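Below is one structure, written out as structure tokens; comments come after it.
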Amino acid sequence: METKKNRFSQILEQVMNLGEIKNVTLAKALQYDVSYISKWTSGRMLPAEKNKRNVLRRISREIVQLSSKTGKENLYENYQVWDDIELEETIFDNLEAEYNFVQDMQREYGSSVEPKTIFFAKLSPAQYISKMHHPVLRRVSQLNITAEMDLLALTHEYRLQIIQGNIRRDVHVSYPDVHFSLMVDLTLDKIDDTYDPIFLLNMMSDMARIDFCLYKGAQAAGRLIFAVKDEFMISGMLMDSDRCMAVTVSSAAENCSPMYDSIRDLCTRETLMYRSTTMQKMIEKKSYVRAILSLNQKWIIGHLTEHFLPDDLFEELLAQVKEQDNTVQEERLRYFHILIKKTMETTPISIILHSSALTNLAVDGELDFFDYPVHLTLEQRKHCLQHVYELCTKQKNFCVKMVHGCLVSDFQYAVTQCVFLSDTVCYARLHTENRINNLAVFNHPDMKTIFLRFFETMWSEKNKIVCTETDTIRSFIHDAIERIDILSYAEKTNE
């Protein structure tokens with residue numbers, strides 16, 4: 001009787017086939033008898049647990065080294081990585097995840113092959129999330145996911161575990177073939193005006209590396225449903241923040257695909273919360289100009305952008321960007337700079353500035369120039385911050401407050417995003433590492449309302465974290481400039 005293959009045996013056989021590697025070739029490289037390789041790929045045996053990491057690392061290394069030229073290209077494409085070091089690490093990660101999954105199956109069900117469908121009367125959120133993190137999420141080629149989840153009813157720890165999931169994490173790489181549509185209950189009277197917008201911003205930034213869409217749906221209240229098309233699903237009812245009931249887990253396609261399709265049908269353009277886009281598309285569709293010319297502008301600044309540049313520094317950075325990309329339309333960007341400058345001289349603008357935006361520029365020197373990351377010299381950083389000082393302390397139409405500290409204390413979060421709110425175009429600049437899907441235009445009026453309430457909550461005089469005193473803001477900018485002087489002194493002394 002033929003042994004049914006477990007997930008580890010399947011993935012090992014798959015990567016060997018993609019790399020065009022025979023059992024005997026891998027066995028020779030590992031200095032194992034070929035029968036061991038045959039047992040691993042047939043599902044009759046796993047590598048010994050006591051030295052599994054060492055063996056799996058050796059397997060990963062040899063698969064990369066032994067693959068044919070065509071095989072290497074197949075593996076690169078399958079794992080969406082483009083050098084041997086990343087490929088070796090990714091194969092190891094995939095093999096280890098599948099190995100651990102098979103071991104869990106053996107411990108829970110006495111079989112190395114997962115049951116097609118399992119039912120649990122009750123699970124904690126931690127147990128639910130553990131079962132949701134199926135190894136299939138390691139695959140980043142043609143992965144289609146839908147979910148309907150009451151995320152905001154969970155503690156932040158559980159929210160992060162669900163969102164981050166087991167999709168392979170590399171902030172420098174985008175995975176356009178991972179498609180994830182998530183429906184969340186965002187009923188406005190349930191929203192915490194500080195906590196939840198911070199979570200949404202960080203989720204948008206974290207998920208920008210994949211094709212991610214966020215939808216609003218009251219039907220997601222009390223539900224935790226997650227489906228990978230044709231491959232995996234888990235569904236349950238969230239009774240409270242600590243208890244899931246009636247949880248079903250299935251890897252049967254006849255269960256997964258209908259669940260996937262039923263959620264996908266609910267995800268319509270009318271319920272889409274924001275559209276991922278690029279600066280180029282915003283410019284082409286005139287959205288960028290409309291955003292500049294809008295009334296009732298309210299900005300939350302987590303990193304410095306082209307809005308905060310004097311004329312001469314703008315020209316220097318434009319020339320720098322032109323060297324990186326000779327397709328840059330210089331006259332168009334100059335036109336935008338003139339619009340920005342005139343708008344900032346004449347239009348009332350309320351700005352909440354994160355103090356870290358100033359210190360990050362002083363120390364790291366990176367500025368977001370129309371979504372081009374440009375690195376400023378120490379002299380340029382000082383010039384930029386001196387201009388910010390003029391804007392924040394002497395320009396009468398500017399009303400600036402500064403966040404100095406943590407708005408919430410029970411979890412870590414990034415504050416590098418910018419949010420631009422107005423009567424017309426509202427959008428976020430996410431400042432992600434991979435520069436993909438870096439902009440998010442708010443598509444649903446509730447998204448604008450959520451972030452307007454966030455802004456007003458921070459703007460409130462009751463918020464002790466937000467500084468309103470001009471002298472204090474002036475002093476902090478001076479401190480940032482002094483940091484640059486210290487760096488400059490250290491460089492000159494070290495020459």
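Letters for chains follow the order of the structure tokens (A, B, ...), residue numbers begin at 1 for each chain, and ligand numbers begin at 1 in the order shown.
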
(Q) Would you pick out the contacts of Leu87 (chain A) at 12 Å or less, using only C-alpha atoms, so that residues sharing its chain but fewer than 6 positions from it are not included, and give the list as a list in words? (A) Val15, Gly19, Arg57, Ser60, Arg61, Glu62, Ile63, Val64, Gln65, Ser67, Lys72, Glu73, Asn74, Leu75, Tyr76, Glu77, Asn78, Tyr79, Gln80, Val81, Asp93 and Asn94 of chain A

Store the residues picked out above, limited to N, CA, C and O atoms, as a CSV table (one decimal), in the first residue's frame.
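So the final result, stored in part16.csv, reads:
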```csv
chain,number,residue,atom,x,y,z
A,15,VAL,N,10.5,21.2,-4.7
A,15,VAL,CA,11.7,22.0,-4.9
A,15,VAL,C,12.8,21.2,-5.7
A,15,VAL,O,13.5,21.8,-6.5
A,19,GLY,N,14.2,22.4,-9.3
A,19,GLY,CA,15.6,22.5,-9.5
A,19,GLY,C,16.2,21.5,-10.4
A,19,GLY,O,17.4,21.6,-10.7
A,57,ARG,N,19.0,22.9,6.6
A,57,ARG,CA,19.9,23.9,6.1
A,57,ARG,C,20.8,23.3,5.0
A,57,ARG,O,21.1,23.9,4.0
A,60,SER,N,18.8,22.7,1.9
A,60,SER,CA,18.5,24.0,1.2
A,60,SER,C,19.7,24.5,0.4
A,60,SER,O,19.6,24.9,-0.7
A,61,ARG,N,20.9,24.4,1.1
A,61,ARG,CA,22.1,24.8,0.4
A,61,ARG,C,22.4,23.9,-0.8
A,61,ARG,O,22.8,24.5,-1.9
A,62,GLU,N,22.3,22.6,-0.7
A,62,GLU,CA,22.6,21.8,-1.8
A,62,GLU,C,21.6,21.9,-3.0
A,62,GLU,O,21.9,21.8,-4.1
A,63,ILE,N,20.3,22.2,-2.7
A,63,ILE,CA,19.3,22.4,-3.7
A,63,ILE,C,19.7,23.6,-4.6
A,63,ILE,O,19.6,23.6,-5.8
A,64,VAL,N,20.1,24.7,-3.9
A,64,VAL,CA,20.6,25.9,-4.6
A,64,VAL,C,21.8,25.6,-5.5
A,64,VAL,O,21.9,26.0,-6.6
A,65,GLN,N,22.8,24.9,-4.9
A,65,GLN,CA,24.0,24.6,-5.6
A,65,GLN,C,23.9,23.6,-6.7
A,65,GLN,O,24.6,23.7,-7.7
A,67,SER,N,21.1,22.8,-8.5
A,67,SER,CA,20.0,23.1,-9.5
A,67,SER,C,20.7,23.5,-10.8
A,67,SER,O,21.7,24.1,-10.9
A,72,LYS,N,17.3,26.7,-11.5
A,72,LYS,CA,17.5,27.9,-10.6
A,72,LYS,C,16.5,29.0,-11.0
A,72,LYS,O,15.9,29.6,-10.1
A,73,GLU,N,16.3,29.2,-12.2
A,73,GLU,CA,15.3,30.2,-12.7
A,73,GLU,C,13.9,29.8,-12.2
A,73,GLU,O,13.1,30.6,-11.8
A,74,ASN,N,13.6,28.5,-12.3
A,74,ASN,CA,12.3,28.0,-11.8
A,74,ASN,C,12.1,28.3,-10.3
A,74,ASN,O,11.0,28.8,-9.9
A,75,LEU,N,13.1,28.1,-9.5
A,75,LEU,CA,13.1,28.3,-8.1
A,75,LEU,C,13.0,29.8,-7.8
A,75,LEU,O,12.2,30.2,-6.9
A,76,TYR,N,13.7,30.6,-8.5
A,76,TYR,CA,13.6,32.1,-8.3
A,76,TYR,C,12.2,32.5,-8.5
A,76,TYR,O,11.7,33.3,-7.8
A,77,GLU,N,11.6,32.1,-9.6
A,77,GLU,CA,10.3,32.5,-10.0
A,77,GLU,C,9.3,32.0,-8.9
A,77,GLU,O,8.3,32.7,-8.5
A,78,ASN,N,9.4,30.7,-8.5
A,78,ASN,CA,8.5,30.2,-7.5
A,78,ASN,C,8.5,30.9,-6.2
A,78,ASN,O,7.5,31.1,-5.6
A,79,TYR,N,9.7,31.3,-5.7
A,79,TYR,CA,9.8,31.9,-4.4
A,79,TYR,C,10.0,33.5,-4.5
A,79,TYR,O,10.0,34.1,-3.5
A,80,GLN,N,10.0,34.0,-5.7
A,80,GLN,CA,10.1,35.5,-5.9
A,80,GLN,C,11.3,36.1,-5.2
A,80,GLN,O,11.2,37.1,-4.5
A,81,VAL,N,12.4,35.4,-5.3
A,81,VAL,CA,13.7,36.0,-4.8
A,81,VAL,C,14.7,35.9,-6.0
A,81,VAL,O,14.5,35.1,-6.9
A,93,ASP,N,13.3,28.1,5.1
A,93,ASP,CA,12.1,28.6,5.8
A,93,ASP,C,10.9,27.7,5.5
A,93,ASP,O,10.1,27.3,6.3
A,94,ASN,N,10.7,27.5,4.2
A,94,ASN,CA,9.6,26.7,3.7
A,94,ASN,C,9.6,25.2,4.2
A,94,ASN,O,8.7,24.7,4.7
```

Q: Pull the strand (DSSP E or B) assignments for region 335-487 of chain A out of DSSP run on the backbone, and list those residues as a ChimeraX atom specification.
A: /A:349-354,366-369,372-375,398-403,418-421,427-429,439-442,466-467

Store the residues picked out above, limited to C-alpha atoms, as a short mmCIF file (atom, residue, chain, number, x, y, z; two decimals), in the first residue's frame.
```cif
data_model
loop_
_atom_site.label_atom_id
_atom_site.label_comp_id
_atom_site.auth_asym_id
_atom_site.auth_seq_id
_atom_site.Cartn_x
_atom_site.Cartn_y
_atom_site.Cartn_z
CA ILE A 349 -3.02 74.54 6.95
CA SER A 350 -3.14 72.65 10.25
CA ILE A 351 -0.17 70.34 10.71
CA ILE A 352 0.63 67.71 13.31
CA LEU A 353 4.35 67.02 13.01
CA HIS A 354 5.95 63.96 14.56
CA GLU A 366 16.43 60.64 3.77
CA LEU A 367 13.66 62.79 2.32
CA ASP A 368 10.64 61.71 0.28
CA PHE A 369 10.84 63.72 -2.96
CA TYR A 372 11.73 59.24 -4.77
CA PRO A 373 13.92 58.50 -1.72
CA VAL A 374 16.73 61.07 -1.81
CA HIS A 375 19.64 61.27 0.61
CA PHE A 398 0.60 77.66 9.34
CA CYS A 399 -0.71 76.20 12.57
CA VAL A 400 1.68 73.51 13.78
CA LYS A 401 1.56 71.13 16.71
CA MET A 402 4.18 68.49 17.45
CA VAL A 403 3.85 64.91 18.67
CA CYS A 418 2.01 60.91 6.39
CA VAL A 419 -1.73 61.59 6.09
CA PHE A 420 -3.04 64.48 3.96
CA LEU A 421 -6.68 65.37 4.66
CA TYR A 427 -4.51 60.13 1.06
CA ALA A 428 -1.68 58.55 3.03
CA ARG A 429 1.99 58.27 2.09
CA LEU A 439 0.37 55.77 -1.55
CA ALA A 440 -3.18 55.05 -0.40
CA VAL A 441 -6.04 57.28 -1.64
CA PHE A 442 -9.05 57.10 0.67
CA VAL A 466 0.96 66.84 21.50
CA CYS A 467 2.95 70.02 22.05
#
```

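Shortest separation to Arg381 (chain A) among A:Ile340, A:Ile210, A:Leu309, A:Ile37 occurs at residue A:Leu309, atoms counted being only C-alpha atoms.
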
Q.
Measuring between only C-alpha atoms, which one of A:Leu266, A:Ala227, A:Val55, A:Ile11 shows the shortest distance to Ser42 (chain A)?
A. A:Ile11

Q: From a DSSP calculation on the backbone, collect every residue of region 130-272 of chain A in alpha helix (DSSP H) and output the set as an NGL selection string.
A: :A and (130-132 or 156-164 or 195-206 or 253-266)

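Coordinates place CA of Thr117 (chain A) at a distance of 7.1 Å from CA of Thr248 (chain A).
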